[in-house]
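Here the structure is laid out as structure tokens; the discussion comes afterwards.
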Amino acid sequence: FVGPPSLDAQVEAGKLPPVAERLPTEPLVVDFTALGRKIGKYGGTLRTLEPQVRDTRRMVVFGYSRLVGYTPDGVIEPDIARSVDVEEGRIFTLHLRPGHRWSDGEPFTSEDFRYYWEDVANDPDLGRNGLPRPLLVDGQGPKVSFPDAYTIRYEWENPNPYFLPALAGSMPFDIFRPAHYLRQFHARHAEPEELKRLVDKAGQRNWQALHYRLDQAYKNANVDLPTLEPWVLATNPPADRFVFKRNPYFHRVDPLGQQLPYIDTVAMTIASAGLIPAMVGAGETDLQSTAMTMSNYAFLKQAEQRSDYDVLRWKSGKGSRLALFPNFNAADPVWRQLLSEADFRRALSLAINRDDIKEAVYYGLARSCNDTVLPGSPLYQQAFCDQWTQYDPAQAEALLDRIGLTERDGAGMRLLPDGRPMNLVVEIAGEDGEQTDVLQLIAEDFQKIGIRLLFKAVERDSLQARLASGATLMSVGSGLENGRAKPVDSPAELAPTLSAQAQWPAWGLHYESAGQLGAAPDLPFAQRLIDLTEEWQQTLDEQEKARIWQQMLQIRADEMPTIGIVADVDQVIVASRHLRNLPKDGVYNWEPGAFFGSYRPETFFLEAPEVAGK
Amino acid sequence: MLRFIGYRTLVMLTTLLVISLLVFVIIQLPPGDYLTTYMAELQAEGETNTAEKIAFLKELYGLDRPLPVQYLSWIAGFPFGNFGYSFEYGLPVADVIGDRLFLTLLLNFATVLFVYLVAFPVGMFVAVRQHTLWDRGLTFAGYLGLATPNFLLALILLYLANALFGVSIGGLMDPAYADEPWTSAKIISVMAHLVVPVFVIGLSGTAAMIQRLRANLVDELRRPHVVAARARGLPERKIIRKYALRPALNPFISDIGDLLPQIVSGSVLISVIMSLPTTGPMLLSALRSQDMYLAGSFLMFLAFLTVAGMLVSDIVLALVDPRIRLTGQRR
Amino acid sequence: MLRPPLLQVDDLSVEFRTEEGRLRAVDHLSFQVDAGKTLAIIGESGSGKSVTAMAIMGLLPPRAFLLNGRARFQDGAGPAVELAGPEARESAIAPLRGDRLAMIFQEPTAALSPMHTLGDQIGDVLRQHRGLSGAAARQVAIESLAEVGFRKPQEAVDSYAFQLSGGLAQRAMIAIAMICRPALIIADEPTTALDVTVQAEILNLLKKLQSDHGTAILLIAHDLGVVANMADDVVVMRYGEALESGPMRELFANPQHPYLKALMGSVPRLGMPRDERLKPLRDIASVDVPAAQPQHTDTQQDLIRICDVSKSFAARGGMFSQGGVVRALVDVSLTVRQGECLGLVGESGSGKTTLSRMIARQVLPDSGSVDMRGQNGFDNIALLAGADLKQFRRRVQYVFQNPYHALNPRQSVESILTEPLEIHGIGDKSSRRQRALELLEMVGLDRRHLNRFPAGFSGGQRQRIGIARALALEPDLILFDEPVSALDVSVQAQILNLLRDLRAALGLTYLFVSHNLAVVDYLADRIAVMANGLLVELAPREALFENAMHPYTKRLVASVPEPDPDRAMDLSLFSVMHRKGSGDWPAPYAPVAGQSGTMEEVSSGHFVRIYPQQTSTL
Amino acid sequence: MSTHWVSDKPFDPERTTAQGTEPFAAYANASQRRLFWWRFRRHKLAVLSLAILILAYLVVVFAEMIAPSSAGKRDTQHIFMPPQRVHLMHEGQWVGPFVYDMQGRLDMDTLQRHYVADTTTPMKLRFFCRGEPYRFWGLVPGDRHLFCAPEGGTAYLAGTDRLGRDIFSRLVHGARISLTIGLIGVSLSLVLGLLLGGMAGYRGGAFDFWLQRVTEVLRSLPHLPIWLALAAALPVTMSPLTVYFCITAILALLEWPGLARAVRSKFLSLREEDFCAAAQMMGASDGRIIFRHLLPNFLSHIIVSAALSIPTMILAETALSFLGLGLRAPITSWGVMLTEAQNIEAVVLYPWLMLPMVPVIVVVLAFSFLGDGMRDAVDPLSG
Ligand SMILES: Nc1ncnc2c1ncn2[C@@H]1O[C@H](COP(=O)(O)OP(=O)(O)OP(=O)(O)O)[C@@H](O)[C@H]1O
Ligand SMILES: Nc1ncnc2c1ncn2[C@@H]1O[C@H](COP(=O)(O)OP(=O)(O)OP(=O)(O)O)[C@@H](O)[C@H]1O
Ligand SMILES: [Mg+2]
Ligand SMILES: [Mg+2]
């Protein structure tokens, strides 16, 4: 095996063991031919820009080291785990890589899983909220055993189709913890006085708080927290520029046995979202995907030569670029009634001139479609796209009249059944020019059928809260997460299963909390979607799964719980011309895909690391 | 002297106390608290928010205590340099603000310096050359400064600075220097990056100050004691400098109190827009996420600057102007 | 004469070019000043005196232009320098200013920088002209301050202008002007802002310096008394033109031009016969009243009784210190009788304004009371409220010293005159307007002036508007707080005559405050003298002037400059060395600590404050 | 000098002034209003500013007629079109105001739109023509416009924006908001500042003490959190215009302390003036003294601070929209347009989007100079 030259000095100084000792006995050899990669060069700094300090978490997505992970084609493969044995879809045996080490050099073993299972998840103090959802099947947790230092076994009564996808999730679902590090903050393991000192020093109230704080791998805000990611945070937040240094113990190698990643350092500069396109245009980044939209394309393209980068367009993996989400749990009873009316939703959808929006906002580079799977998915049907989405204001008006919205005010606007003016307020998370533009066009369209649409930007987080409380009537956002879903992928997001879903937060919460919180769906189609999800969960037959998917998509196309507007709007990506191994075409998606994660950024390299980035 | 300062300090402390209460209340005004924000974030990450979890987090953040207790324990820490705890960063506020404060102060002092360095000579120049083309031109330019929308100007200047001089866009230094030790190259980079923000933030203040200095000086030049000084055969430069400018300075000194806080709060939004590593962006995000102690402490810092500025300007005014020092009268 | 004159002014004309048009402020003026002599330029306000002075100094304001003429300055020390005219060069004049050629201004406190100590300002001149600085300059400054009569020059050198009284500030100005022993001092109304005793002191000082250093003085004044005491030669100006000039004594003895004659006739003199009227330049055709008949009203009842009133003010301290207490009135008891004119005199700061404002209920006494006769006996005015107070406001009116400040510049004359009626709900709009017209006529103003604003009037006209306003409510008592001291003699005469006529016609009661004894003499029946907040003497006017008892009164009487060269004052009485404070008063007048003394009646109606215990010890 | 010399000029006792030229007499007899106008007229820039502002407010009044189209009218065929020039001469021939037709093409590689003028045929602008129907001030229907695009062509004199909306029309419509709402805010803060500052300055005592404390607190209280709190607190269903109206009102509530402070200190000195004492001695009430005697003497300061706060109000909008508090579409104002132009694309590719800066600057300058001129005219001393 070969290690990066940048670490040679430390190895020589004896601060680091030689590369062979740093790698697991059986490292993950990345399949360069399958991915179409070239052998790269070591070194250099990759610069990127992010709008918020909390975006350090993106490096955890970017690094995408999971027990198992998706390939760009959406197939789950082992990664940190050497292999995973699945029996009956309910017994999972994870095999670790012997010799695998945390970024601080400590061994990574089943003890780390045990620590999580016993000292965190099931600890009376730390685990008060109960087990995370993917570990629950019908409300039951697994039986966990640790046969040896490199083997862990999870066993459920019934199949758990969510377990592996969760482990492969873009957001890390860590069922292990760096036990050696966290132990010092755990009352059961630590010296009480020493622990008290640490708690006081951090200004925390008690040790649970301290442990909770320091144990947030996804937040990626604790420089001391050991990790298995390719790059390790080296800058203490808060800062405006975060440096991530290569993990000397990273477990992947290229076909030549060179330890990955190629790139030594990732430097993430925090800049305001409004300024990022300008900075990108000025060549202040090597790989950029955030805070850029199609509207920046022309400008970015224009500066391509000067700033020595390429502007790429990756396909989007989302079911819909923008969709309207009526809130079925709106607090206002009249509005709730109205929004529950399928014809009302259909009327709204028919009233939208999608082609106009496509031309006016997206340069025609989009597809008018409802929120459903994309043509790239085996489940795609044109009808899912087209049903109720043809521009037909006359029919929309007819539908509205039919459900009794015939009263109008002086200006010709329709009134609510109780006589109030019908002001449909759509809330936007954060200021977003694209969304406001689209809404403005929709407002014009709605005007024509006698509905006044108003929109207002609210903070993303408070929108979430407003949705949950039913204060929001309608929100706007992007559509299905996994637009390229295959039958084996979970269809749960089609049904009210998550409290984070904007159209039915209370129903989602009800499902999430197994009926404890929230409210049961009162619309039959929603309940039907839940039932179908559960059927999908039970079956191991792929044909059956596909059938269930189709059925659910059909229900959504007909009932319009979300009103999709346009789909297939490409993601603009700017990449330095020195950056190699980044595919020209790709799918830019959060789940599955982890944005660049499944494309293995550790294989990216800088052609001339010394000159690049200067 | 001491009595006066003592009295004023007392008044200042009371004012600050009132402001702290108001700030605390205002931060609480938007519905929800940091927990709402945080829960939403957790929810987005796929966690279920059970009642136990909410209770756990509430306890974690000390949000289970009644508001008055939260308030009192917050301000009780101030005399000891303990400004509470930032939820967002999981650190004591003092640690979070840390070196940002330095750059904030650097930016703001540079702006104040800019304002004074430009406003003074220009103001004097146009006052002496009243009603000339120079006067008209510079006055016009000053008004132009007042009328230009800051944000757009910032963007244009940033772009031009980059396109023409290769100054990297945004920030207060080239990103490469961010965590380097201070070297001359880094200092130069900081200077180059200061130009645009200082100009944008200071522009309207400068314009206003030129106008005022001009008006004051013109007034002062007409006063009998200036005529009398001429009759004594003193050279014109000395008359302007010693006999006219000095009394005309009063408004400037009383401005210190207003200028600094104005610039500081004016720089918040500009800082956000221009991505300056100052306290501005942090303040805004803290306010938005209701990270209340962090936001509150920032705001108290701003308020302190204002109040202290007013105190300092009063004292300086008295030190500089014997009329105030000796009779308590301003004119 | 072999020696050329020190200053020769030939055919000087100065014009102001303003947006409102051109104004010839000085029109073909010629005169000369001889070394060591005093030339006085006299004339009413606006006649161009100051502009002339500034033209000579080469410091004309920006909008003034020298049309023609020239001024040549030649002292023995150097070649002749053109100060004004085509050959004048700033580079040649500048070194002279402050050195050979100095100037003293009318408002001494305004002409000193408020931000710099006296020593600093004197030092600047020394550095500029003598190359002195530091300790040496300071020493010279201290000496010069001592020379002009500062008692503690060491301290004075570090004080600021605003800490000085008007008289001291003027001394400091003189010290700065004299520091380089100039050949010529231009003194632009150096004493107009000062009260009579201080005026006498300053005049004395100027005289003394002139004789010590042989300095020539170009004195600008409108007070003929001052001129009679100071000048060798006189130029009489009016609206830019010289109308008469010549040696002072000759001019005073034998005025030729009708203007000068008129001017002289308009000056009140001490001891004028009761029935002699002043002859203003333009008399006001005011209310047709029977020729002024002296109304002796001693027998009449009291209108106001002032009983033992005292008033202290907290002197304003600085930011860093607390001020002490100023006792503005100390146990003053006085009555004002129905129908009389009571004169109130005293130096600046003696409490006259405070007392008159107290009667107007603008200032409330700390102790004691002011009572006014009402329908049923006397009421303490401090306790009045509601309708009674309003009634009181109607009965007592006030006329201010400064006509420029007493009228709201943004109110038209009509509004000014009808406002009191409006406030008291008298009449309707048209009747009020009618009344305003009557009032205007009464004070001799044109009816057409009703819509004008105060800015459109001269000082004398404004004062008349102020008087008309005071008359609007047909009051019983009018309080005049130095109504004429801001006016030049010709206007003063108009006003004095007017007041006399009105009183006779309307049977008013006056309280007349002034520090000019001649003015008080012209109007008052009785005169009260105040010093340091104390009433020191009270007498019928003849008694007071013929037989002043109190040393303070005597000094006041002696300090009035008479416009008669033959009755020149003994200025040396007013030298610094002879300056008299209350401590220098002889017994039994000298105040005794812890005592307030008593007002003793020396003859019928003539009271004087003495300290009896002291008498007994003597 | 030793001779007694007497001028032969006569003594005219009625003469009251030195020799002067004619205008003097006119000035002496002119009414205050006339003097005001004369003095104002001298300030050339102020007169020009007045003219500009009158024009601007004419635009405000007749926005619908002056703008060739409504603010929201989109032309998807002409997105991001640069301003069209108005020509007068075609191939050396006088044609009258006309434009050339512009044809757009979207470069699918760069996603940039290129427009080329077809200079073969001049297309004459139409004046006082029938065009897009509107409701004048939302009431009276009409369809007459000052000018319209030529038949079958376009007339985007200031270009179009990303949705193909005519920037010129938007500017015209935006003026209506930008030039009115700020005014309301300014008046509100003026009234508050005058009232409270006046009371404090005139009355003094406890009221003054507490008012000073309140102003001190208000001045030191950072405004940012207040805006954010507001942004969250204002109900979403409120129409954007009402929201903005509330905002200006609150802006005014925060602005008044500055004026109040000035008013207070001025009143403190004014109340010592003799004419104020005179009014008191006449028995005038406090209200009368404040409104009849003190305020008019403070006019120049009021004018200037009003003139200076109007631009602040116009510009405040850009900052407020940043906080999510500005006006929102479909309302159009200059602030909204500037906010929309606040991106690098506008700066580099579509600079005409920044055109709203021009009216903002012009109006701000006009108000400033007008204020200057009025101050000089009101206060003869300061001139
Ligand atoms: N700066 C100026 N601008 C315009 N006119 C002026 C100016 N200064 C003086 N004048 C005018 O010039 C004339 C002469 O003024 P000047 O000050 O010389 O009078 P004066 O004799 O000194 O009067 P006073 O006794 O009131 O001081 C007056 O009519 C006055 O209005
Ligand atoms: N409002 C006040 N505050 C403080 N001190 C005052 C006030 N009014 C008067 N004084 C002081 O009281 C004393 C008497 O003042 P007053 O004005 O009555 O004198 P005056 O005889 O009218 O003097 P002048 O001739 O200068 O007008 C002075 O020392 C003055 O400084
Ligand atoms: Mg004069
Ligand atoms: Mg007085």
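Simple scheme: letters A, B, ... for chains in structure tokens order, numbers from 1 for residues in each chain, numbers from 1 for ligands in the order shown.
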Write out as a ChimeraX atom specification the residues lying within 6 Å of segment 89-104 of chain D, counting only C-alpha atoms and excluding same-chain residues fewer than 4 positions away.
-> /D:114-119,122-125,153
Take the selection from the previous step and output its residues with C-alpha atoms, as a tab-separated table (two decimals), in the first residue's frame.
```
chain	number	residue	atom	x	y	z
D	114	HIS	CA	-29.30	37.98	-27.49
D	115	TYR	CA	-31.32	40.71	-29.07
D	116	VAL	CA	-30.69	42.19	-32.46
D	117	ALA	CA	-32.37	45.24	-33.81
D	118	ASP	CA	-33.96	45.09	-37.21
D	119	THR	CA	-32.82	48.44	-38.50
D	122	PRO	CA	-38.55	52.13	-38.21
D	123	MET	CA	-41.56	51.48	-36.03
D	124	LYS	CA	-43.16	54.65	-34.84
D	125	LEU	CA	-44.18	55.03	-31.28
D	153	GLY	CA	-43.57	45.85	-31.92
```
Can you list, as a PyMOL selection string, all residues belonging to segment 120-258 of chain B that DSSP tags as helix (DSSP H, G or I)?
-> chain B and resi 120-128+133-147+150-165+175-177+184-221+224-231+236-248+250-258
Give as a ChimeraX atom specification every residue of chain B that touches chain A within 8 Å, counting only C-alpha atoms.
-> /B:36-38,40-41,43-48,50,52-53,56,60,62,85,89-92,96,159,162-163,168-171,175,178-179,272-275,277,288-289
Restricting it to C-alpha atoms, dump the selection as a PDB file, in the first residue's frame.
```
ATOM      1  CA  THR B  36     -38.680  25.188  18.070  1.00  0.00           C
ATOM      2  CA  THR B  37     -35.922  25.866  15.645  1.00  0.00           C
ATOM      3  CA  TYR B  38     -33.879  22.976  16.807  1.00  0.00           C
ATOM      4  CA  ALA B  40     -37.669  21.560  13.333  1.00  0.00           C
ATOM      5  CA  GLU B  41     -34.126  20.810  12.380  1.00  0.00           C
ATOM      6  CA  GLN B  43     -37.519  16.681  12.494  1.00  0.00           C
ATOM      7  CA  ALA B  44     -36.102  17.479   9.111  1.00  0.00           C
ATOM      8  CA  GLU B  45     -33.358  15.046   9.968  1.00  0.00           C
ATOM      9  CA  GLY B  46     -35.981  12.417  10.516  1.00  0.00           C
ATOM     10  CA  GLU B  47     -36.325  12.314  14.256  1.00  0.00           C
ATOM     11  CA  THR B  48     -39.640  12.012  15.981  1.00  0.00           C
ATOM     12  CA  THR B  50     -41.860  12.919  21.405  1.00  0.00           C
ATOM     13  CA  GLU B  52     -40.004  13.105  26.416  1.00  0.00           C
ATOM     14  CA  LYS B  53     -37.576  14.356  23.869  1.00  0.00           C
ATOM     15  CA  PHE B  56     -35.134  16.423  27.596  1.00  0.00           C
ATOM     16  CA  LEU B  60     -30.711  20.593  28.235  1.00  0.00           C
ATOM     17  CA  GLY B  62     -32.364  25.458  30.475  1.00  0.00           C
ATOM     18  CA  TYR B  85     -24.438  30.108  26.391  1.00  0.00           C
ATOM     19  CA  TYR B  89     -22.655  26.597  18.830  1.00  0.00           C
ATOM     20  CA  GLY B  90     -22.836  24.777  22.107  1.00  0.00           C
ATOM     21  CA  LEU B  91     -20.285  27.135  23.552  1.00  0.00           C
ATOM     22  CA  PRO B  92     -20.257  29.958  26.037  1.00  0.00           C
ATOM     23  CA  VAL B  96     -18.302  32.143  20.215  1.00  0.00           C
ATOM     24  CA  TYR B 159     -17.362  42.865  -8.532  1.00  0.00           C
ATOM     25  CA  ASN B 162     -12.359  41.607  -8.214  1.00  0.00           C
ATOM     26  CA  ALA B 163     -12.449  42.218 -11.921  1.00  0.00           C
ATOM     27  CA  SER B 168     -11.333  38.111  -3.788  1.00  0.00           C
ATOM     28  CA  ILE B 169     -15.031  38.651  -3.357  1.00  0.00           C
ATOM     29  CA  GLY B 170     -16.447  38.743   0.126  1.00  0.00           C
ATOM     30  CA  GLY B 171     -14.763  38.227   3.432  1.00  0.00           C
ATOM     31  CA  PRO B 175      -9.685  32.758   2.214  1.00  0.00           C
ATOM     32  CA  ALA B 178      -8.150  32.652   7.126  1.00  0.00           C
ATOM     33  CA  ASP B 179      -6.372  30.550   9.657  1.00  0.00           C
ATOM     34  CA  VAL B 272     -24.156  39.671   5.967  1.00  0.00           C
ATOM     35  CA  ILE B 273     -24.394  40.628   2.354  1.00  0.00           C
ATOM     36  CA  MET B 274     -20.665  40.873   1.896  1.00  0.00           C
ATOM     37  CA  SER B 275     -19.927  37.831   4.029  1.00  0.00           C
ATOM     38  CA  PRO B 277     -16.343  37.613   9.279  1.00  0.00           C
ATOM     39  CA  ARG B 288     -33.287  34.140  13.353  1.00  0.00           C
ATOM     40  CA  SER B 289     -32.780  30.927  15.202  1.00  0.00           C
TER      41      SER B 289
END
```
Using only C-alpha atoms and all ligand atoms, find each protein or nucleic acid residue lying at most 9 Å from ligand 1; present the set as an NGL selection string.
-> (:C and (14-18 or 22-26 or 41-54 or 60-64 or 106 or 188-189 or 220-222 or 237-240 or 487-488)) or (:D and (17-19))
Could those residues be written to a file, using C-alpha atoms, as a PDB file, in the first residue's frame?
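This is the output file result_4.pdb:
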```pdb
ATOM      1  CA  VAL C  14     -18.285 101.124   0.046  1.00  0.00           C
ATOM      2  CA  GLU C  15     -21.146  99.274  -1.461  1.00  0.00           C
ATOM      3  CA  PHE C  16     -22.909  96.102  -0.433  1.00  0.00           C
ATOM      4  CA  ARG C  17     -24.093  93.911  -3.221  1.00  0.00           C
ATOM      5  CA  THR C  18     -26.707  91.588  -1.951  1.00  0.00           C
ATOM      6  CA  ARG C  22     -27.054  97.359  -3.821  1.00  0.00           C
ATOM      7  CA  LEU C  23     -26.528  99.490  -0.790  1.00  0.00           C
ATOM      8  CA  ARG C  24     -24.120 102.365  -0.529  1.00  0.00           C
ATOM      9  CA  ALA C  25     -23.022 101.962   3.061  1.00  0.00           C
ATOM     10  CA  VAL C  26     -20.234 104.536   2.872  1.00  0.00           C
ATOM     11  CA  ILE C  41     -17.316 109.162  14.177  1.00  0.00           C
ATOM     12  CA  ILE C  42     -20.865 109.658  15.315  1.00  0.00           C
ATOM     13  CA  GLY C  43     -24.171 109.002  13.758  1.00  0.00           C
ATOM     14  CA  GLU C  44     -27.251 106.978  14.266  1.00  0.00           C
ATOM     15  CA  SER C  45     -27.438 103.271  13.705  1.00  0.00           C
ATOM     16  CA  GLY C  46     -26.849 102.141  10.162  1.00  0.00           C
ATOM     17  CA  SER C  47     -24.933 105.216   9.156  1.00  0.00           C
ATOM     18  CA  GLY C  48     -21.932 103.206   8.049  1.00  0.00           C
ATOM     19  CA  LYS C  49     -19.609 103.721  10.956  1.00  0.00           C
ATOM     20  CA  SER C  50     -18.662 100.091  11.376  1.00  0.00           C
ATOM     21  CA  VAL C  51     -18.292  99.553   7.673  1.00  0.00           C
ATOM     22  CA  THR C  52     -15.880 102.447   7.556  1.00  0.00           C
ATOM     23  CA  ALA C  53     -13.864 100.896  10.333  1.00  0.00           C
ATOM     24  CA  MET C  54     -13.756  97.533   8.613  1.00  0.00           C
ATOM     25  CA  LEU C  60     -14.807  94.170   4.684  1.00  0.00           C
ATOM     26  CA  PRO C  61     -17.381  91.381   4.732  1.00  0.00           C
ATOM     27  CA  PRO C  62     -17.568  89.252   1.592  1.00  0.00           C
ATOM     28  CA  ARG C  63     -20.380  91.113  -0.032  1.00  0.00           C
ATOM     29  CA  ALA C  64     -18.961  94.593   0.484  1.00  0.00           C
ATOM     30  CA  GLN C 106     -18.572  96.455  20.458  1.00  0.00           C
ATOM     31  CA  ASP C 188     -16.115 100.448  17.393  1.00  0.00           C
ATOM     32  CA  GLU C 189     -18.627 101.397  20.058  1.00  0.00           C
ATOM     33  CA  ILE C 220     -17.006 105.068  16.826  1.00  0.00           C
ATOM     34  CA  ALA C 221     -19.943 105.988  18.985  1.00  0.00           C
ATOM     35  CA  HIS C 222     -23.474 107.200  18.928  1.00  0.00           C
ATOM     36  CA  MET C 237     -22.205 110.558   9.534  1.00  0.00           C
ATOM     37  CA  ARG C 238     -25.602 109.682   8.319  1.00  0.00           C
ATOM     38  CA  TYR C 239     -26.399 106.911   5.898  1.00  0.00           C
ATOM     39  CA  GLY C 240     -22.918 106.732   4.552  1.00  0.00           C
ATOM     40  CA  LEU C 487     -31.637 102.031  20.738  1.00  0.00           C
ATOM     41  CA  ASP C 488     -29.652 104.878  19.410  1.00  0.00           C
TER      42      ASP C 488
ATOM     43  CA  THR D  17     -31.864 103.980   4.731  1.00  0.00           C
ATOM     44  CA  ALA D  18     -28.664 104.542   2.909  1.00  0.00           C
ATOM     45  CA  GLN D  19     -28.622 104.945  -0.815  1.00  0.00           C
TER      46      GLN D  19
END
```
With a cut-off of 6 Å and counting only C-alpha atoms, select all residues of chain B in contact with chain D and give the selection as a list of chain:residue names.
-> B:Leu29, B:Pro30, B:Ala147, B:Leu152, B:Ala303, B:Thr306
Which chain B residues are at most 12 Å from chain C (counting only C-alpha atoms), as a PyMOL selection string?
-> chain B and resi 1-8+130-131+220-236+238-239+242-250+314-331
Interface, chain D side, toward chain A (6 Å; only C-alpha atoms) as a ChimeraX atom specification = /D:76,110-112,163,344-345
Write a file of the just-selected residues containing C-alpha atoms, as a short mmCIF file (atom, residue, chain, number, x, y, z; two decimals), in the first residue's frame.
```cif
data_model
loop_
_atom_site.label_atom_id
_atom_site.label_comp_id
_atom_site.auth_asym_id
_atom_site.auth_seq_id
_atom_site.Cartn_x
_atom_site.Cartn_y
_atom_site.Cartn_z
CA THR D 76 -42.19 35.94 -22.33
CA THR D 110 -24.94 29.80 -22.44
CA LEU D 111 -28.61 30.40 -21.64
CA GLN D 112 -28.09 33.99 -22.55
CA LEU D 163 -39.98 37.79 -16.37
CA ILE D 344 -24.33 39.53 -9.73
CA GLU D 345 -26.22 38.82 -12.93
#
```
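Neighbouring residues of Arg66 of chain A at 6 Å or closer, counting only C-alpha atoms and skipping chain neighbours under 2 positions away, are Val68, Gly69, Ile80 and Ala168 of chain A.
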Looking only at strand (DSSP E or B) from DSSP on the backbone, list the matching residues of segment 283-530 of chain C as an MDAnalysis selection string.
-> chainID C and resid 302:314 325:337 341:346 367:374 377:380 396:399 477:481 509:514 526:530
Do you know which residues are at most 10 Å from Ser189 of chain D counting only C-alpha atoms, after dropping those on the same chain fewer than 5 positions away, and could you put them as a PyMOL selection string?
-> chain D and resi 183-184+194-195+248-260+306+309
